[in-house]
Amino acid sequence: MISRPFPSKKSVFNYVLAHSRATIPNPIPKILPCSISAAFPSFSISSQSSDSTYKLTHKDWLSPNEVIKIFENLRDPNSIISVWNQYSKRKDYKPNEALYTQVINKLAQAKNFDAIEDIMRKIKLDKSCRLSNDFFHNVIKIYGQLAGRIKKAMETLFDMPKGYNCWPSVKSFNLVLNLLVSAKVFDVVHEVYLQAPMLGIEIDVCSLNILIKGLCENGDLEAAFNVLDEFPKQRCEPNVRTFSTLMHGLCEKGKVEAAFGLLERMEKEGIDADTITFNILISGLRKQGKVVEGLELLERMKFKGCEPNAGSYQEILYGLLDAEKYVEGKEFMVRMIGEGVDPSFVSYKKLIHGICKERLLRDLDWVLKQMARQGFVPKMGMWVEMVQSVVSVSYSFNHVSVSKIVNCENI
């Protein structure tokens, strides 16, 4: 018998490889995620990870965090109710505050405010879940700011103690007061304010400031100053916002001197005026045409260590332009830009009007370059005014019609 030499490792490997190729005509293809999707259209890796509502059909017990994740991953906010109904039929149905918050925020995103009211009614009947004041604060905010349902926001506040077994905080109380003032429902503001003790609310400075704001906007300055006398009774001290609100009310009535009287009172009581306070006074002076006094107040403001903002400079600039002091207005605009404050489009419009009116055409080039730097483009009416001014200086009206040039007519 002839002995055959034992093949080397390399030759064995080549033999097995060749044999496998010969015996397996269709080798197993490489399986990629894309080929799975092509082979099985109903299967989607991304859908399994993003849409987890299928878990609600399983009998496995779901933890609270798993349920929250299901609602969090819903792409279509309009599907919230159907998914919620599906979850409510499960034996492990036990919603908590985090889940209620997630669902209500999703419904608010879908602007389905009727569904939010339905859920709030179910919460009131259920009473198995203790909810915090933060939860109700969020619901009140949604009712008032997103849905425009001020009455529902107010009802929720008053339902909290008995209906939901949660006493409101002064933060939620002030939110309702502010919503009523913003909606200009001034007759209801005072009624809600008087109910504070019934809700267990201890009035704070913010509550009184909102009340003053409402009275000032309603034009009842006398009542607003009466609230100022209410501060000591409520063991509160007025702050800079208290005085700023009263100053604004006085300036709106043209009582700028009285507003400056409040500024002196602030200084005596050791309350520092802020930028908003000075801007209110500068605006009041501008409306009375007292531009010089406004400039002096701007310097006084800086001397006291209170930095002016864009609004401070803008009020002065408007004052100069309204007073037709166009040269001074342009100089002040240069100062503004030098200090890093960009003038408004309206400022440029007013200045161009003044330049054209006073025939200060040398400044037009500078104004247009500054507008371009800020990304402003003059409107057609501004171009017409500029062209008319330039043409009226360069040509005689006896031979050339400005309107023909502006309208590109044949001369």
# chains A, B, ... in the order shown; residues from 1 in each chain; ligands from 1
call {"tool": "residues_around", "arguments": {"residues": "Glu257 of chain A", "least_positions_apart": "6", "cutoff": "10 Å", "atoms": "only C-alpha atoms", "output": "PDB file with N, CA, C and O atoms, in the first residue's frame"}}
result
ATOM      1  N   MET A 247     -44.675 105.050  37.857  1.00  0.00           N
ATOM      2  CA  MET A 247     -44.098 106.093  37.000  1.00  0.00           C
ATOM      3  C   MET A 247     -44.634 105.996  35.578  1.00  0.00           C
ATOM      4  O   MET A 247     -44.953 107.011  34.950  1.00  0.00           O
ATOM      5  N   LEU A 250     -48.088 107.369  35.455  1.00  0.00           N
ATOM      6  CA  LEU A 250     -48.080 108.840  35.521  1.00  0.00           C
ATOM      7  C   LEU A 250     -47.645 109.453  34.193  1.00  0.00           C
ATOM      8  O   LEU A 250     -48.242 110.434  33.726  1.00  0.00           O
ATOM      9  N   CYS A 251     -46.598 108.898  33.585  1.00  0.00           N
ATOM     10  CA  CYS A 251     -46.103 109.430  32.305  1.00  0.00           C
ATOM     11  C   CYS A 251     -47.141 109.266  31.203  1.00  0.00           C
ATOM     12  O   CYS A 251     -47.256 110.119  30.322  1.00  0.00           O
ATOM     13  N   LEU A 263     -39.233 109.203  41.787  1.00  0.00           N
ATOM     14  CA  LEU A 263     -37.804 108.886  41.707  1.00  0.00           C
ATOM     15  C   LEU A 263     -37.070 109.399  42.937  1.00  0.00           C
ATOM     16  O   LEU A 263     -36.212 108.702  43.506  1.00  0.00           O
ATOM     17  N   LEU A 281     -38.853 107.376  32.307  1.00  0.00           N
ATOM     18  CA  LEU A 281     -38.775 108.830  32.489  1.00  0.00           C
ATOM     19  C   LEU A 281     -38.282 109.529  31.217  1.00  0.00           C
ATOM     20  O   LEU A 281     -38.793 110.592  30.844  1.00  0.00           O
ATOM     21  N   GLY A 284     -41.084 109.643  28.878  1.00  0.00           N
ATOM     22  CA  GLY A 284     -42.045 110.671  29.299  1.00  0.00           C
ATOM     23  C   GLY A 284     -41.602 112.064  28.895  1.00  0.00           C
ATOM     24  O   GLY A 284     -42.415 112.883  28.433  1.00  0.00           O
ATOM     25  N   LEU A 285     -40.306 112.319  29.036  1.00  0.00           N
ATOM     26  CA  LEU A 285     -39.769 113.626  28.631  1.00  0.00           C
ATOM     27  C   LEU A 285     -39.850 113.802  27.118  1.00  0.00           C
ATOM     28  O   LEU A 285     -40.158 114.893  26.625  1.00  0.00           O
TER      29      LEU A 285
END
call {"tool": "select_by_dssp", "arguments": {"residues": "segment 135-243 of chain A", "states": "helix (DSSP H, G or I)", "output": "number ranges by chain"}}
result
A: 135-146, 150-163, 170-182, 186-194, 197-199, 205-217, 221-228, 232-234, 240-243
call {"tool": "closest_residue", "arguments": {"among": "A:Arg235, A:Lys357, A:Lys124, A:His137", "to": "Asp204 of chain A", "atoms": "only C-alpha atoms"}}
result
A:Arg235
call {"tool": "residues_around", "arguments": {"residues": "Asn65 of chain A", "least_positions_apart": "3", "cutoff": "10 Å", "atoms": "only C-alpha atoms", "output": "short mmCIF file (atom, residue, chain, number, x, y, z; two decimals) with N, CA, C and O atoms, in the first residue's frame"}}
result
data_model
loop_
_atom_site.label_atom_id
_atom_site.label_comp_id
_atom_site.auth_asym_id
_atom_site.auth_seq_id
_atom_site.Cartn_x
_atom_site.Cartn_y
_atom_site.Cartn_z
N LEU A 62 -45.91 46.89 32.94
CA LEU A 62 -45.11 48.04 32.54
C LEU A 62 -44.81 48.93 33.74
O LEU A 62 -45.72 49.25 34.51
N ILE A 68 -44.26 56.28 30.59
CA ILE A 68 -43.90 57.67 30.24
C ILE A 68 -43.12 57.69 28.93
O ILE A 68 -43.34 58.56 28.08
N LYS A 69 -42.22 56.72 28.75
CA LYS A 69 -41.41 56.65 27.54
C LYS A 69 -42.28 56.42 26.31
O LYS A 69 -42.02 56.98 25.23
N ILE A 70 -43.34 55.62 26.47
CA ILE A 70 -44.25 55.36 25.35
C ILE A 70 -44.87 56.66 24.86
O ILE A 70 -44.90 56.95 23.66
N ALA A 98 -45.87 62.68 36.70
CA ALA A 98 -44.98 62.82 35.54
C ALA A 98 -45.70 62.43 34.26
O ALA A 98 -45.54 63.08 33.22
N LEU A 99 -46.51 61.37 34.32
CA LEU A 99 -47.24 60.92 33.13
C LEU A 99 -48.33 61.92 32.77
O LEU A 99 -48.49 62.28 31.58
#
call {"tool": "residues_around", "arguments": {"residues": "Pro161 of chain A", "least_positions_apart": "6", "cutoff": "10 Å", "atoms": "only C-alpha atoms", "output": "ChimeraX atom specification"}}
result
/A:167-168,198-200
call {"tool": "atom_distance", "arguments": {"atom1": "atom CA of Lys94 of chain A", "atom2": "atom CA of Phe173 of chain A"}}
result
29.5 Å
